[in-house]
Every structure is written in C-alpha cells, then in structure tokens.
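Colleague: Coordinates in model19.csv, CSV, C-alpha atoms, are listed below.
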```
chain,number,residue,atom,x,y,z
A,870,MET,CA,8.3,-8.9,-11.1
A,871,ARG,CA,9.7,-8.8,-14.5
A,872,ARG,CA,8.8,-9.5,-18.1
A,873,ILE,CA,11.3,-9.9,-20.9
A,874,SER,CA,8.7,-9.5,-23.7
A,875,VAL,CA,9.3,-10.9,-27.2
A,876,ILE,CA,12.9,-11.8,-26.7
A,877,GLY,CA,12.0,-14.0,-23.7
A,878,PHE,CA,9.2,-15.7,-25.7
A,879,ALA,CA,11.6,-16.2,-28.6
A,880,PHE,CA,14.1,-17.9,-26.3
A,881,VAL,CA,11.4,-20.3,-25.0
A,882,LEU,CA,10.5,-21.3,-28.6
A,883,PHE,CA,14.2,-21.7,-29.5
A,884,TRP,CA,14.8,-23.9,-26.6
A,885,GLY,CA,11.9,-26.1,-27.6
A,886,THR,CA,13.3,-26.6,-31.1
A,887,VAL,CA,16.8,-27.6,-29.9
A,888,ALA,CA,16.0,-29.3,-26.6
A,889,GLY,CA,18.7,-31.8,-25.9
A,890,GLN,CA,21.5,-29.5,-27.0
A,891,ASN,CA,23.6,-27.1,-25.1
A,892,THR,CA,22.1,-23.9,-26.6
A,893,LYS,CA,25.0,-21.6,-25.5
A,894,ASN,CA,27.3,-23.4,-27.9
A,895,TYR,CA,24.8,-24.6,-30.4
A,896,THR,CA,25.3,-23.4,-34.0
A,897,PRO,CA,21.9,-23.5,-36.0
A,898,VAL,CA,23.4,-24.2,-39.4
A,899,ASN,CA,21.1,-25.7,-42.1
A,900,MET,CA,23.9,-25.9,-44.7
A,901,TYR,CA,25.9,-28.2,-42.4
A,902,MET,CA,26.7,-30.5,-45.3
A,903,LEU,CA,28.5,-27.7,-47.1
A,904,ASN,CA,30.9,-27.0,-44.2
A,905,PRO,CA,31.1,-29.9,-41.7
A,906,LEU,CA,34.2,-28.3,-40.3
A,907,LEU,CA,31.9,-26.2,-38.1
A,908,VAL,CA,31.1,-29.2,-36.0
A,909,ASN,CA,33.9,-31.8,-36.8
A,910,PRO,CA,37.6,-30.9,-36.9
A,911,ALA,CA,38.4,-34.1,-38.7
A,912,TYR,CA,36.8,-32.7,-41.9
A,913,SER,CA,39.9,-30.4,-42.3
A,914,GLY,CA,41.9,-31.3,-45.4
A,915,THR,CA,39.4,-33.7,-46.9
A,916,LYS,CA,38.7,-31.4,-49.9
A,917,GLU,CA,42.5,-31.7,-50.8
A,918,SER,CA,42.7,-28.0,-51.3
A,919,MET,CA,43.1,-24.8,-49.4
A,920,SER,CA,39.6,-23.7,-48.5
A,921,ALA,CA,37.9,-20.7,-46.9
A,922,ASN,CA,34.2,-20.6,-46.0
A,923,MET,CA,32.1,-17.7,-44.7
A,924,MET,CA,28.4,-18.0,-43.6
A,925,LEU,CA,25.9,-15.5,-42.4
A,926,GLY,CA,22.5,-16.5,-40.9
A,927,ALA,CA,19.4,-14.6,-39.7
A,928,ASN,CA,17.0,-16.5,-37.4
A,929,TRP,CA,13.2,-15.9,-37.5
A,930,LEU,CA,13.0,-12.7,-39.4
A,931,ASP,CA,10.2,-10.2,-38.8
A,932,MET,CA,9.4,-11.5,-35.3
A,933,PRO,CA,7.6,-8.7,-33.6
A,934,GLY,CA,9.7,-6.7,-31.2
A,935,ALA,CA,12.8,-9.0,-31.6
A,936,THR,CA,15.2,-6.3,-32.9
A,937,LEU,CA,18.9,-7.1,-33.2
A,938,GLY,CA,20.9,-4.3,-34.7
A,939,LYS,CA,18.8,-2.7,-37.3
A,940,ALA,CA,16.8,-5.8,-38.3
A,941,ASN,CA,13.7,-7.6,-36.9
A,942,ALA,CA,15.4,-10.9,-36.2
A,943,ALA,CA,15.5,-13.2,-33.2
A,944,GLY,CA,19.1,-14.2,-33.8
A,945,TRP,CA,22.2,-13.8,-36.0
A,946,MET,CA,25.0,-16.2,-36.9
A,947,GLN,CA,28.4,-15.5,-38.4
A,948,THR,CA,31.0,-18.1,-39.1
A,949,ALA,CA,34.3,-18.2,-40.9
A,950,SER,CA,36.5,-21.3,-41.4
A,951,PHE,CA,39.8,-22.0,-43.1
A,952,ASP,CA,41.7,-25.2,-43.7
A,953,TYR,CA,45.1,-25.8,-45.3
A,954,PRO,CA,46.5,-29.3,-46.2
A,955,LEU,CA,50.2,-29.3,-45.3
A,956,SER,CA,50.5,-32.7,-47.0
A,957,PRO,CA,48.1,-35.5,-48.1
A,958,LYS,CA,47.9,-36.6,-44.5
A,959,ASN,CA,48.2,-33.4,-42.4
A,960,SER,CA,45.9,-30.3,-42.3
A,961,VAL,CA,45.6,-27.2,-40.1
A,962,GLY,CA,43.2,-24.3,-40.0
A,963,PHE,CA,40.7,-22.4,-37.8
A,964,VAL,CA,37.0,-21.8,-37.1
A,965,ILE,CA,35.4,-18.6,-35.9
A,966,ARG,CA,31.8,-18.7,-34.8
A,967,ASN,CA,29.6,-15.9,-33.4
A,968,ASN,CA,26.0,-16.5,-32.4
A,969,THR,CA,23.6,-13.9,-31.1
A,970,PHE,CA,20.2,-14.9,-29.9
A,971,GLY,CA,18.1,-12.4,-27.9
A,972,VAL,CA,20.2,-11.1,-25.1
A,973,ASN,CA,22.8,-14.0,-25.4
A,974,ASN,CA,26.0,-13.9,-27.4
A,975,ASN,CA,28.4,-16.8,-27.9
A,976,PHE,CA,31.8,-16.3,-29.6
A,977,VAL,CA,34.2,-19.2,-30.3
A,978,PHE,CA,37.6,-19.3,-31.9
A,979,TYR,CA,39.2,-22.7,-32.6
A,980,GLY,CA,42.5,-23.8,-34.2
A,981,HIS,CA,42.4,-27.3,-35.5
A,982,TYR,CA,44.6,-30.1,-36.8
A,983,SER,CA,43.7,-33.3,-38.6
A,984,TYR,CA,45.6,-36.5,-39.7
A,985,GLN,CA,44.4,-38.8,-42.4
A,986,ILE,CA,44.9,-42.5,-43.1
A,987,ASN,CA,44.1,-44.4,-46.3
A,988,THR,CA,42.3,-47.6,-45.2
A,989,GLY,CA,42.0,-49.1,-48.7
A,990,VAL,CA,38.2,-48.7,-48.7
A,991,GLY,CA,38.3,-45.0,-47.9
A,992,ASN,CA,40.1,-42.4,-46.0
A,993,LEU,CA,39.9,-42.1,-42.2
A,994,SER,CA,40.6,-38.7,-40.6
A,995,PHE,CA,41.2,-37.8,-37.0
A,996,GLY,CA,40.7,-34.2,-35.8
A,997,LEU,CA,41.4,-32.1,-32.7
A,998,ARG,CA,40.6,-28.5,-32.1
A,999,ALA,CA,41.4,-26.1,-29.3
A,1000,GLY,CA,40.6,-22.5,-28.6
A,1001,LEU,CA,38.5,-20.0,-26.5
A,1002,THR,CA,34.8,-19.5,-25.9
A,1003,SER,CA,33.3,-16.2,-24.8
A,1004,TYR,CA,29.7,-16.1,-23.5
A,1005,ASN,CA,27.8,-12.9,-22.7
A,1006,ARG,CA,24.3,-12.2,-21.5
A,1007,ASN,CA,23.3,-8.5,-21.8
A,1008,LEU,CA,19.9,-7.9,-20.2
A,1009,GLN,CA,20.1,-4.2,-21.1
A,1010,LYS,CA,19.0,-5.2,-24.6
A,1011,ALA,CA,15.7,-6.7,-23.3
A,1012,ASN,CA,12.4,-5.0,-23.2
A,1013,PHE,CA,11.1,-4.7,-19.6
A,1014,ARG,CA,7.6,-3.8,-18.4
A,1015,GLN,CA,9.2,-1.7,-15.6
A,1016,ASP,CA,12.1,0.7,-15.9
A,1017,ASN,CA,15.2,-0.1,-13.8
A,1018,ASP,CA,14.0,-3.6,-13.1
A,1019,PRO,CA,16.5,-5.3,-10.7
A,1020,VAL,CA,16.9,-8.3,-13.0
A,1021,GLN,CA,19.0,-6.0,-15.3
A,1022,GLN,CA,21.8,-6.4,-12.8
A,1023,PHE,CA,22.2,-10.0,-13.7
A,1024,ASP,CA,24.3,-9.4,-16.8
A,1025,TYR,CA,27.0,-12.0,-17.3
A,1026,SER,CA,30.3,-12.4,-19.2
A,1027,ARG,CA,32.7,-15.3,-19.2
A,1028,MET,CA,35.7,-16.5,-21.3
A,1029,TYR,CA,37.1,-20.0,-20.9
A,1030,PRO,CA,39.2,-22.5,-22.9
A,1031,ASN,CA,37.5,-25.1,-25.0
A,1032,PHE,CA,38.3,-28.3,-27.0
A,1033,GLY,CA,36.7,-30.6,-29.5
A,1034,VAL,CA,37.4,-33.9,-31.2
A,1035,GLY,CA,36.1,-35.7,-34.3
A,1036,ILE,CA,36.6,-38.7,-36.6
A,1037,TYR,CA,35.6,-38.6,-40.3
A,1038,TRP,CA,35.5,-41.5,-42.8
A,1039,TYR,CA,34.9,-40.9,-46.5
A,1040,SER,CA,35.3,-42.4,-49.9
A,1041,ASN,CA,34.1,-41.6,-53.5
A,1042,ASN,CA,30.5,-42.4,-52.5
A,1043,TYR,CA,29.9,-41.8,-48.9
A,1044,ASN,CA,31.0,-39.8,-45.8
A,1045,LEU,CA,30.4,-40.4,-42.1
A,1046,GLY,CA,31.6,-38.4,-39.2
A,1047,LEU,CA,31.3,-38.4,-35.4
A,1048,SER,CA,32.4,-35.6,-33.2
A,1049,ILE,CA,32.1,-33.8,-29.8
A,1050,PRO,CA,32.3,-30.2,-31.0
A,1051,ASP,CA,32.8,-28.7,-27.5
A,1052,PHE,CA,34.0,-30.2,-24.2
A,1053,PHE,CA,33.6,-27.1,-21.9
A,1054,PHE,CA,30.5,-25.0,-21.7
A,1055,PRO,CA,28.3,-23.3,-19.1
A,1056,PRO,CA,25.2,-25.5,-18.7
A,1057,LEU,CA,21.8,-23.8,-19.2
A,1058,GLY,CA,21.1,-21.5,-16.3
A,1059,SER,CA,24.6,-21.8,-14.8
A,1060,GLU,CA,27.4,-19.2,-14.6
A,1061,SER,CA,30.2,-21.8,-14.4
A,1062,PHE,CA,31.3,-24.4,-16.9
A,1063,ASP,CA,32.0,-28.1,-16.5
A,1064,THR,CA,32.8,-31.2,-18.7
A,1065,ASP,CA,29.9,-33.5,-17.8
A,1066,PRO,CA,29.7,-36.0,-20.7
A,1067,LYS,CA,25.9,-36.1,-20.3
A,1068,ASN,CA,25.8,-32.5,-21.6
A,1069,TYR,CA,28.0,-33.1,-24.7
A,1070,ASN,CA,26.5,-32.7,-28.1
A,1071,TYR,CA,27.4,-36.0,-29.8
A,1072,THR,CA,27.1,-35.1,-33.4
A,1073,LEU,CA,26.8,-37.6,-36.3
A,1074,LEU,CA,27.1,-36.5,-40.0
A,1075,GLY,CA,26.6,-38.7,-42.9
A,1076,GLY,CA,25.8,-38.8,-46.6
A,1077,TYR,CA,25.7,-41.1,-49.6
A,1078,LEU,CA,26.1,-40.3,-53.4
A,1079,PHE,CA,23.8,-42.0,-55.9
A,1080,ARG,CA,25.1,-41.6,-59.5
A,1081,ILE,CA,22.0,-41.6,-61.7
A,1082,SER,CA,24.0,-40.4,-64.7
A,1083,ASP,CA,27.2,-38.5,-65.5
A,1084,ASN,CA,25.2,-35.2,-65.2
A,1085,PHE,CA,22.7,-36.0,-62.4
A,1086,LYS,CA,23.4,-37.2,-58.9
A,1087,ILE,CA,21.4,-37.5,-55.7
A,1088,LYS,CA,22.9,-37.2,-52.3
A,1089,PRO,CA,20.9,-37.8,-49.1
A,1090,SER,CA,22.6,-36.5,-46.0
A,1091,THR,CA,21.8,-36.1,-42.3
A,1092,MET,CA,23.0,-34.5,-39.1
A,1093,LEU,CA,22.0,-36.1,-35.8
A,1094,ILE,CA,22.8,-34.4,-32.4
A,1095,TYR,CA,22.3,-36.3,-29.1
A,1096,SER,CA,22.8,-35.4,-25.5
A,1097,ILE,CA,22.4,-38.1,-22.9
A,1098,GLY,CA,18.9,-38.1,-21.4
A,1099,ALA,CA,17.6,-35.7,-24.0
A,1100,PRO,CA,15.6,-36.1,-27.2
A,1101,LEU,CA,17.5,-36.7,-30.4
A,1102,SER,CA,17.8,-33.6,-32.7
A,1103,TYR,CA,17.9,-34.3,-36.5
A,1104,ASN,CA,18.3,-32.6,-39.8
A,1105,LEU,CA,17.4,-34.7,-42.9
A,1106,ASN,CA,18.3,-33.5,-46.4
A,1107,LEU,CA,17.9,-34.7,-50.0
A,1108,ASN,CA,20.3,-33.0,-52.4
A,1109,PHE,CA,20.2,-33.0,-56.3
A,1110,ILE,CA,23.4,-32.2,-58.3
A,1111,THR,CA,23.5,-31.4,-62.0
A,1112,ALA,CA,25.2,-29.3,-64.6
A,1113,GLN,CA,28.6,-31.0,-64.2
A,1114,ASP,CA,28.3,-30.6,-60.4
A,1115,ARG,CA,28.0,-26.8,-60.7
A,1116,VAL,CA,24.3,-26.6,-59.6
A,1117,TRP,CA,23.2,-28.2,-56.3
A,1118,ALA,CA,19.7,-28.0,-54.8
A,1119,GLY,CA,18.1,-29.7,-51.9
A,1120,LEU,CA,15.2,-30.1,-49.5
A,1121,GLY,CA,15.4,-30.7,-45.8
A,1122,TYR,CA,13.4,-31.3,-42.7
A,1123,LYS,CA,14.2,-30.7,-39.0
A,1124,GLN,CA,12.3,-30.4,-35.8
A,1125,GLN,CA,9.7,-27.7,-36.5
A,1126,GLY,CA,11.3,-26.6,-39.7
A,1127,PHE,CA,11.3,-27.2,-43.5
A,1128,ILE,CA,14.4,-26.2,-45.5
A,1129,VAL,CA,15.2,-25.3,-49.1
A,1130,LEU,CA,18.8,-25.1,-50.2
A,1131,PHE,CA,20.8,-24.0,-53.3
A,1132,GLU,CA,24.5,-23.9,-54.2
A,1133,PHE,CA,26.1,-22.7,-57.4
A,1134,GLN,CA,29.7,-22.8,-58.7
A,1135,VAL,CA,30.3,-19.3,-60.1
A,1136,VAL,CA,33.9,-20.2,-61.3
A,1137,SER,CA,36.2,-23.1,-60.5
A,1138,TYR,CA,37.4,-21.6,-57.2
A,1139,LEU,CA,34.2,-19.9,-56.0
A,1140,ARG,CA,30.8,-21.3,-54.8
A,1141,ILE,CA,27.9,-19.5,-53.2
A,1142,GLY,CA,25.0,-21.1,-51.3
A,1143,TYR,CA,21.7,-20.1,-49.8
A,1144,ALA,CA,19.2,-21.8,-47.4
A,1145,TRP,CA,15.8,-20.8,-46.3
A,1146,GLU,CA,14.0,-22.5,-43.3
A,1147,TYR,CA,10.3,-22.2,-43.0
A,1148,PRO,CA,9.3,-22.6,-39.4
A,1149,LEU,CA,6.5,-25.0,-38.3
A,1150,GLY,CA,4.5,-25.1,-35.1
A,1151,LEU,CA,4.1,-22.0,-33.0
A,1152,VAL,CA,7.1,-20.2,-34.5
A,1153,LYS,CA,5.5,-19.7,-37.9
A,1154,ASP,CA,2.8,-17.5,-36.3
A,1155,TYR,CA,5.4,-15.1,-35.1
A,1156,ALA,CA,8.2,-15.3,-37.7
A,1157,PRO,CA,6.5,-15.9,-41.0
A,1158,TRP,CA,9.7,-15.0,-43.0
A,1159,GLY,CA,11.6,-17.9,-41.3
A,1160,SER,CA,15.4,-18.2,-41.2
A,1161,HIS,CA,18.0,-17.5,-43.9
A,1162,GLU,CA,21.6,-18.5,-44.5
A,1163,ILE,CA,24.1,-17.3,-47.1
A,1164,MET,CA,27.5,-19.0,-47.8
A,1165,ILE,CA,30.5,-18.1,-49.8
A,1166,ARG,CA,33.4,-20.6,-50.3
A,1167,PHE,CA,36.8,-20.3,-52.0
A,1168,ASP,CA,38.9,-23.2,-53.0
A,1169,ASN,CA,42.5,-23.2,-54.3
A,1170,THR,CA,43.1,-26.4,-56.2
A,1171,TRP,CA,46.9,-26.1,-56.5
A,1172,THR,CA,47.7,-26.7,-52.8
A,1173,VAL,CA,48.0,-30.5,-52.7
A,1174,ARG,CA,45.8,-32.0,-55.4
A,1175,LYS,CA,42.6,-31.1,-57.2
A,1176,VAL,CA,39.4,-30.7,-55.3
A,1177,SER,CA,37.6,-34.0,-55.1
A,1178,ASP,CA,34.5,-34.1,-57.3
A,1179,VAL,CA,32.8,-37.1,-55.7
A,1180,TYR,CA,32.1,-36.4,-52.0
A,1181,PHE,CA,32.0,-32.7,-51.6
A,1182,TRP,CA,30.3,-29.8,-53.5
```
Please render this file's structure as structure tokens.
Modeller:
Amino acid sequence: MRRISVIGFAFVLFWGTVAGQNTKNYTPVNMYMLNPLLVNPAYSGTKESMSANMMLGANWLDMPGATLGKANAAGWMQTASFDYPLSPKNSVGFVIRNNTFGVNNNFVFYGHYSYQINTGVGNLSFGLRAGLTSYNRNLQKANFRQDNDPVQQFDYSRMYPNFGVGIYWYSNNYNLGLSIPDFFFPPLGSESFDTDPKNYNYTLLGGYLFRISDNFKIKPSTMLIYSIGAPLSYNLNLNFITAQDRVWAGLGYKQQGFIVLFEFQVVSYLRIGYAWEYPLGLVKDYAPWGSHEIMIRFDNTWTVRKVSDVYFW
C-alpha cells in the first residue's frame, strides 16, 4: 500500500549496522574517545578543568533522495556537553543530544553528577545523570508513491524522563569505563517505553597509552556496545599523538565502516577534531561520501588543577 522510498531504505541499512542497540537513543559518534561524557556520566571532572564540547555530524552524505534540511544526508547529529569540577572529587554538568535520521528525531537533555575516589593505583569515578528524552516520528517528511497515503497519519511524539549511570577508572596510562547511558526508551516499533534490562545498551570504553618517546605516543582505544540477545557492536581505534600532544591522528574500524580521525590543539584552551567514516558493504554504493563529524572543545585550566596530559587529548 505504501512505499517510503530512499528514507525507508536508509533506515533498513542503518538498522543493520547498529543491530543490537536501541536505535532511538543510539548516538553514532566516531570520536567517542574525545568525549566519553556522551555515553558515560562518570567521565565528568576527569580532565580536572571546566570543559565544553560541541559536535556536529552528518550521516551518509549524498545518498540519493535522502534530503534533510538543505543537504543530501540520511541523518544529522548535534551534541553539546559541559562539565565543571566543584572540587577534586565532585563534578557537575550537562549533555544535550539531538539525532535526526530519516523521519525520526530524538532529543535528549541530561544533567549529571560524578564523584571520584583515589584508589592508589588510579582514580575511580561514579556518575549519575537524569533528564528528559523526546522522540518524534514525522512521516510527512517521507516520500510516498501515493499522495495522501493513510500511513502518514501515524506520526508520533513522546516525551519522558530518563536516567543513566556509569563507572570510570583511569590512571596516567589507561582508562576503562562501563555505563548504561539510558534506562528508559521506546523499544523499536513501540509507542511506549519500558526499562527491560535486555534492551539496555551496556557500553564499555577503554584505552591504553604507549609512550614511545617524549614526543610520540600511541593510544589504542575501543567502544563496545552490547544488548542482551543481540550481536556485539564495536568501534576499534588506533591513535597516534605527537608535537607535544598537540597533534593527534587515528584510524578506526567498526561494523561496515572505516574511520579516519584528526585532532589539533589550536591554543592551550581550544582543540578541534574531525572524523570521516567510509562506509563498507551495501551503504557505500548509495552514500559514497560517507559520514563526517566535527568537534570543538574548550578547556579552562584554572578551575581546579591543570588539564591532565596523560590520559586525555
């Protein structure tokens, strides 16, 4: 009876790349290692400075017929995060996240708090976040074969409270975090929300720093996302750091995607980053320009102590 042309096809491809995750709350960030706060509230305050981070992403550029706004893109992502250490142990802040993919839009606002403990072999941080999630499905944006198709009546809008928790352990050479970014969400195909643990996105972040010399370091990192009864989602990265930690470049691999990343310290308090994902599999035949992310981060070093130069760039 109906056909949602390219947008519907794009959603099928997207679901195949992130099967095992709740796509309505999923944030497809390739530069996760530059802002783990998006998925783990325990990361707040670990940079020991007031920090603000903004990211913009475009998914699958030049996909035929997938027009969002004035661009041929299957999806957009906008994020903003801020954290402020009240003391060496306590930190607060917020995360704003807006994802648009095809006819779906997901907006999230979280306030967060973290508490840190020095274990003697590293610092252990516990984080909690709470806020609101808004999910909207606007079928009026879709391309239908028939005008006035009855399916256009099934638009949907819902706002509900949400929570997330995380734990984060880090030292001068490594970091490891485990989180449940969202407790409440509408399961795929549902117009209600629940808290079934089998649908949680259990998210593991980790990295290790190899100091080759004073001016050259290598930092492998990974993000693993698992939902009970679903395949494991992974993002593997190898990062190279040089020029007194001012220049950072990396390569990454994920399901059906190859990633190139760069970050550069413009001045002591400002860093910019860029990531390009080249799609593999069926997607590359429809979106040859891939996906792109841009990041800007501001750090004020006077807040508590100086920004750590060993586990975060």
Colleague: Measure the distance from CA of Ser920 (chain A) to CA of Tyr1037 (chain A) in Å and round it to one decimal.
Modeller: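 These two atoms are separated by 17.5 Å.
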Colleague: Ranking A:His981, A:Phe1167, A:Ala999, A:Leu1093 by minimum distance to Ser918 (chain A) and counting all atoms listed in the file, which one comes first?
Modeller: A:Phe1167
Colleague: Which residue, A:Asn899, A:Thr915, A:Asp952, A:Phe976, has the smallest gap to Tyr1147 (chain A) when you use only C-alpha atoms?
Modeller: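 Among A:Asn899, A:Thr915, A:Asp952, A:Phe976, it is A:Asn899 that comes nearest to Tyr1147 (chain A).
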Colleague: Please list as a list of chain:residue names every residue within 6 Å of Gln985 (chain A), counting all atoms listed in the file and excluding residues in the same chain fewer than 5 positions away.
Modeller: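 Contacts, with the query itself left out: A:Lys958, A:Leu993, A:Ser994.
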Colleague: Rank A:Leu1101, A:Gly971, A:Gly1159, A:Trp1038 by their smallest atom-to-atom distance to Gly989 (chain A), using all atoms listed in the file, and report the top residue only.
Modeller: A:Trp1038
Colleague: List the spatial neighbours of Ala1118 (chain A) as a list in words - criterion: any atom at most 8 Å away, all atoms listed in the file, same-chain residues fewer than 2 positions off excluded.
Modeller: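 The contact residues come out as Asn1108, Phe1109, Ile1110, Val1116, Leu1120, Val1129, Leu1130, Phe1131 and Glu1132 of chain A.
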Colleague: Which residue, A:Tyr1095, A:Asn1044, A:Phe1052, A:Asn987, has the smallest gap to Leu1074 (chain A) when you use only C-alpha atoms?
Modeller: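 Nearest to Leu1074 (chain A): A:Asn1044.
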Colleague: May I ask for the distance between CA of Ile1141 (chain A) and CA of Asp1168 (chain A), given in Å to one decimal place?
Modeller: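 These atoms are spaced 11.6 Å apart.
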Colleague: Between CA of Asn1005 (chain A) and CA of Tyr1025 (chain A), what is the spacing in Å?
Modeller: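 Here the two named atoms are 5.5 Å from each other.
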Colleague: Could you pull the residues within 8 Å of Tyr1103 (chain A), counting only C-alpha atoms, minus those fewer than 6 positions along the same chain, as a PyMOL selection string?
Modeller: chain A and resi 1091-1094+1123-1124
Colleague: Got a sec: who's within 7 Å of Gly996 (chain A), counting only C-alpha atoms, leaving out chain neighbours fewer than 6 positions off, as a list in words?
Modeller: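 Close residues of Gly996 (chain A): Pro910, Ala911, Tyr982, Ser983, Tyr984, Val1034, Gly1035 and Ile1036 of chain A.
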Colleague: So, with all atoms listed in the file as the atoms that count, which of A:Ala927, A:Val990, A:Ala943, A:Ala921 lies closest to Phe970 (chain A)?
Modeller: A:Ala943
Colleague: Residues at most 12 Å from Asn1169 (chain A), counting only C-alpha atoms, excluding those fewer than 6 positions away in the same chain, as a PyMOL selection string?
Modeller: chain A and resi 916-921+951-954+1136-1140+1175-1177
Colleague: My list of candidates is A:Phe1032, A:Phe1079, A:Tyr912, A:Phe978. Which is closest to Val961 (chain A) when distances are computed with all atoms listed in the file?
Modeller: A:Tyr912
